[in-house]
Amino acid sequence: MSSSPPSPWWEQAIIYHIYPRSYRDTTGNGVGDLPGIIEKLDYLQVLGIDALWLSPIFRSPMRDFGYDVSDYTDVHPDFGTLETVDALIEQAHQKGLRLLLDFVPNHTSDQHDWFRESRSSQTNSKRDWYIWRDAGSDGGPPNNWLSYFGGPAWTWHEDTQQYYMHSFLKEQPDLNWRNPQVVEAMHSVLKFWLDRGVDGFRVDAVLPIIKDDQFRDDPLRTEASFGKDTGPAENQLRIYSANRPELHGLLRHMRDLMDGYPGDRLLLGEVYSLDPSTAAQYYGHNDEFQLVLNVSLVNLPWEAAKLRHYVEAFEGALPSGARATLVLGSHDEPRLASRWGEAQARVAAIMLLTLRGTPIIYYGDEIGMLDSENAGLNPLDPWPVLAGLPQLSRDSSRTPMQWDASPGSGFSAADEGGTPPNPWLPIHPRAGELNVASQQADPRSIYSLYSALIELRKSSPALVHGSYQALDIQPEGNYVYLREWEGERFTVALNFKSQACRISIPGESTGRVVLSSHLDRNGEAYMGDLSLRGNEGVVILLQ
């Protein structure tokens, strides 16, 4: 194999997204915690993970399960303490793992001390830390801006006779990033955690961070939406309430702060847009985000042509030297194996770990975890309830990690129906089958596939750094591409159909199959023609 070129750690990394409430509960209260993550660091190291991204662990009333922060420099007691974070950072680093925290800059909780002061009077020194406006001429909200979670983005505050803005829940008031004091305070938050040794941040909800200073109405859409709004918000084009040009300057200052720390600290931005050109803008000229979450793949159907088109559109929109990300699972979306299918999830794993870009694995996808219908029976997620779309509850993709076949699935001593408290969300009924212990013992499990793929990627510079070239191969329904670096060449062939097919790749060399989604063809000779079973992917090392 050829040698790897020097590059930042995050360019070669495999990032693993943990939803802390659902990973491992060590106290028996039914909620995952930081000691549970520490306990599982060996598992992640063996799997081949390079960096952990944790959904928010800060103090919070948990109205939106941590994305409503009441104290950015303390830890919610359910998860642990500041000392627990220090222990996690130290032990992760000892094992060669980096740690990313989820930074929520757009809004706080309405229980944050800053907002308590801000709402105390119109003359309070922190009044301008949030976005307050007089009523409109009709006595209603100041403009037509809408919350991403449904309804107006404005809530009336009777005591001070003004509206405050919230892009999400009314319990999540938006900060005013036009106020230099807010910028300074939020930079101090970043420094607090960087000084403790975290390796970077996934930055939540980037686009609405700064708003139009004239508070103009958002116009109605005249073209198809590139966003993920539902209900009336789908009909608005968010050109004044989000994605403002001033945002880039704020991000450059944030990046300057990060670059002042040693060790290639990472900013990973959630730019939630299905328009690749919008997402690509936020790399700047290598002076904003180093990586932007490519969330669109999560929202596309299981169709080879559409996925290929977006992969290439995103890549084509990137500024010179920028690197894509690859995201197929998320705490905000249906799980990979439920969204596309269990057989398809194995093919998707090959795509995730052989395309160009930095792959991000959502916890449990490596064992084929499924959405749990039981989790939606008593929804805890506030967004779909407010939007009048309870079927979109995100609870089903946030259920506890399935470690083994025990009654608590190895997540917690809190066995459903037993004496201890129940897990905060119900364990999936198929946890006895879809769990780490059973799959580690099965050489053809989806866990074994992920493990083999990660090992192959780490030993093959062509899969990390190499060029990408898609091939137009008949029949339709295949996605075939080449990856090449300094003489090392791979062909990746993915059959998106349930029917078997035979493909011919003209002009290609002979080689051998080094991996298949079924884990049963390793070493098979390749002579230019290839038979693929339904929902099968193969990786071929060319000679």
# chains A, B, ... in the order shown; residues from 1 in each chain; ligands from 1
$ residues_around --residues "A:Leu194" --least-positions-apart "2" --cutoff "12 Å" --atoms "only C-alpha atoms" --output "count of residues only"
30
$ residues_around --residues "A:Thr108" --least-positions-apart "2" --cutoff "7 Å" --atoms "only C-alpha atoms" --output "list in words"
Asp68, Val69, Ser70, Asp110, His112, Gln172, Pro173 and Asp174 of chain A
$ closest_residue --among "A:Ile239, A:Glu184, A:Val385, A:Val311" --to "A:Met254" --atoms "only C-alpha atoms"
A:Glu184
$ residues_around --residues "A:Ala525" --least-positions-apart "6" --cutoff "12 Å" --atoms "only C-alpha atoms" --output "JSON, numbers by chain"
{"A": [509, 510, 511, 512, 513, 514, 515, 531, 539, 540, 541, 542, 543]}
$ residues_around --residues "A:Val347" --least-positions-apart "6" --cutoff "7 Å" --atoms "only C-alpha atoms" --output "mmCIF file with all heavy atoms, in the first residue's frame"
data_model
loop_
_atom_site.group_PDB
_atom_site.id
_atom_site.type_symbol
_atom_site.label_atom_id
_atom_site.label_comp_id
_atom_site.auth_asym_id
_atom_site.auth_seq_id
_atom_site.Cartn_x
_atom_site.Cartn_y
_atom_site.Cartn_z
ATOM 1 N N LEU A 494 -21.727 -0.797 -6.301
ATOM 2 C CA LEU A 494 -22.866 -0.893 -5.391
ATOM 3 C C LEU A 494 -24.142 -1.142 -6.188
ATOM 4 O O LEU A 494 -24.492 -0.353 -7.074
ATOM 5 C CB LEU A 494 -23.009 0.404 -4.586
ATOM 6 C CG LEU A 494 -21.744 0.937 -3.900
ATOM 7 C CD1 LEU A 494 -22.024 2.288 -3.260
ATOM 8 C CD2 LEU A 494 -21.244 -0.064 -2.857
ATOM 9 N N SER A 517 -20.347 -6.692 0.822
ATOM 10 C CA SER A 517 -21.309 -6.400 1.887
ATOM 11 C C SER A 517 -21.795 -7.677 2.567
ATOM 12 O O SER A 517 -22.281 -7.632 3.702
ATOM 13 C CB SER A 517 -22.497 -5.614 1.334
ATOM 14 O OG SER A 517 -23.088 -6.296 0.249
ATOM 15 N N ASN A 535 -28.908 -5.921 -3.714
ATOM 16 C CA ASN A 535 -28.459 -5.193 -2.526
ATOM 17 C C ASN A 535 -27.079 -5.679 -2.068
ATOM 18 O O ASN A 535 -26.865 -6.018 -0.914
ATOM 19 C CB ASN A 535 -29.473 -5.348 -1.383
ATOM 20 C CG ASN A 535 -30.827 -4.788 -1.733
ATOM 21 O OD1 ASN A 535 -30.928 -3.670 -2.232
ATOM 22 N ND2 ASN A 535 -31.881 -5.564 -1.496
ATOM 23 N N GLU A 536 -26.163 -5.690 -3.014
ATOM 24 C CA GLU A 536 -24.796 -6.081 -2.685
ATOM 25 C C GLU A 536 -23.826 -5.011 -3.146
ATOM 26 O O GLU A 536 -23.999 -4.397 -4.199
ATOM 27 C CB GLU A 536 -24.413 -7.407 -3.345
ATOM 28 C CG GLU A 536 -23.003 -7.871 -2.960
ATOM 29 C CD GLU A 536 -22.578 -9.172 -3.599
ATOM 30 O OE1 GLU A 536 -23.102 -9.513 -4.679
ATOM 31 O OE2 GLU A 536 -21.713 -9.857 -3.019
ATOM 32 N N GLY A 537 -22.801 -4.796 -2.341
ATOM 33 C CA GLY A 537 -21.701 -3.929 -2.725
ATOM 34 C C GLY A 537 -20.390 -4.670 -2.599
ATOM 35 O O GLY A 537 -20.251 -5.535 -1.723
#
$ select_by_dssp --residues "stretch 235-455 of chain A" --states "strand (DSSP E or B)" --output "JSON, numbers by chain"
{"A": [236, 266, 267, 268, 269, 291, 292, 325, 326, 327, 358, 359, 360, 361, 362]}
$ residues_around --residues "A:Asn378" --least-positions-apart "6" --cutoff "12 Å" --atoms "only C-alpha atoms" --output "MDAnalysis selection string"
chainID A and resid 372 385 390:391 393:396 424:426
$ write_last_selection --atoms "N, CA, C and O atoms" --output "JSON list (two decimals), in the first residue's frame"
[["chain", "number", "residue", "atom", "x", "y", "z"],
["A", 372, "SER", "N", -37.45, 2.66, 16.66],
["A", 372, "SER", "CA", -38.36, 1.93, 17.54],
["A", 372, "SER", "C", -39.74, 2.56, 17.53],
["A", 372, "SER", "O", -39.91, 3.72, 17.93],
["A", 385, "VAL", "N", -44.72, 17.50, 18.02],
["A", 385, "VAL", "CA", -45.99, 17.79, 18.69],
["A", 385, "VAL", "C", -46.43, 19.22, 18.37],
["A", 385, "VAL", "O", -47.59, 19.48, 18.01],
["A", 390, "PRO", "N", -46.84, 14.42, 14.84],
["A", 390, "PRO", "CA", -46.24, 13.52, 15.82],
["A", 390, "PRO", "C", -45.53, 12.33, 15.19],
["A", 390, "PRO", "O", -44.64, 11.73, 15.81],
["A", 391, "GLN", "N", -45.88, 12.01, 13.95],
["A", 391, "GLN", "CA", -45.23, 10.88, 13.28],
["A", 391, "GLN", "C", -43.76, 11.18, 12.98],
["A", 391, "GLN", "O", -43.00, 10.26, 12.65],
["A", 393, "SER", "N", -41.61, 12.26, 15.19],
["A", 393, "SER", "CA", -40.86, 12.26, 16.43],
["A", 393, "SER", "C", -39.47, 11.67, 16.24],
["A", 393, "SER", "O", -39.29, 10.63, 15.61],
["A", 394, "ARG", "N", -38.48, 12.37, 16.79],
["A", 394, "ARG", "CA", -37.10, 11.91, 16.70],
["A", 394, "ARG", "C", -36.74, 10.91, 17.79],
["A", 394, "ARG", "O", -35.63, 10.36, 17.80],
["A", 395, "ASP", "N", -37.69, 10.64, 18.69],
["A", 395, "ASP", "CA", -37.42, 9.68, 19.76],
["A", 395, "ASP", "C", -37.01, 8.31, 19.21],
["A", 395, "ASP", "O", -36.16, 7.63, 19.78],
["A", 396, "SER", "N", -37.62, 7.91, 18.10],
["A", 396, "SER", "CA", -37.43, 6.55, 17.61],
["A", 396, "SER", "C", -36.00, 6.28, 17.16],
["A", 396, "SER", "O", -35.56, 5.13, 17.11],
["A", 424, "TRP", "N", -34.86, 5.89, 29.67],
["A", 424, "TRP", "CA", -35.61, 7.11, 29.32],
["A", 424, "TRP", "C", -36.43, 6.93, 28.05],
["A", 424, "TRP", "O", -37.49, 7.56, 27.89],
["A", 425, "LEU", "N", -35.97, 6.08, 27.14],
["A", 425, "LEU", "CA", -36.74, 5.65, 25.98],
["A", 425, "LEU", "C", -36.71, 4.12, 25.95],
["A", 425, "LEU", "O", -35.73, 3.51, 26.38],
["A", 426, "PRO", "N", -37.76, 3.49, 25.42],
["A", 426, "PRO", "CA", -37.80, 2.03, 25.43],
["A", 426, "PRO", "C", -36.73, 1.41, 24.55],
["A", 426, "PRO", "O", -36.42, 1.92, 23.48]]
$ closest_residue --among "A:Ala153, A:Leu336, A:Val31, A:Val436" --to "A:Pro141" --atoms "only C-alpha atoms"
A:Ala153
$ select_by_dssp --residues "stretch 273-371 of chain A" --states "helix (DSSP H, G or I)" --output "PyMOL selection string"
chain A and resi 276-281+295-299+304-317+336-339+342-354+365-367
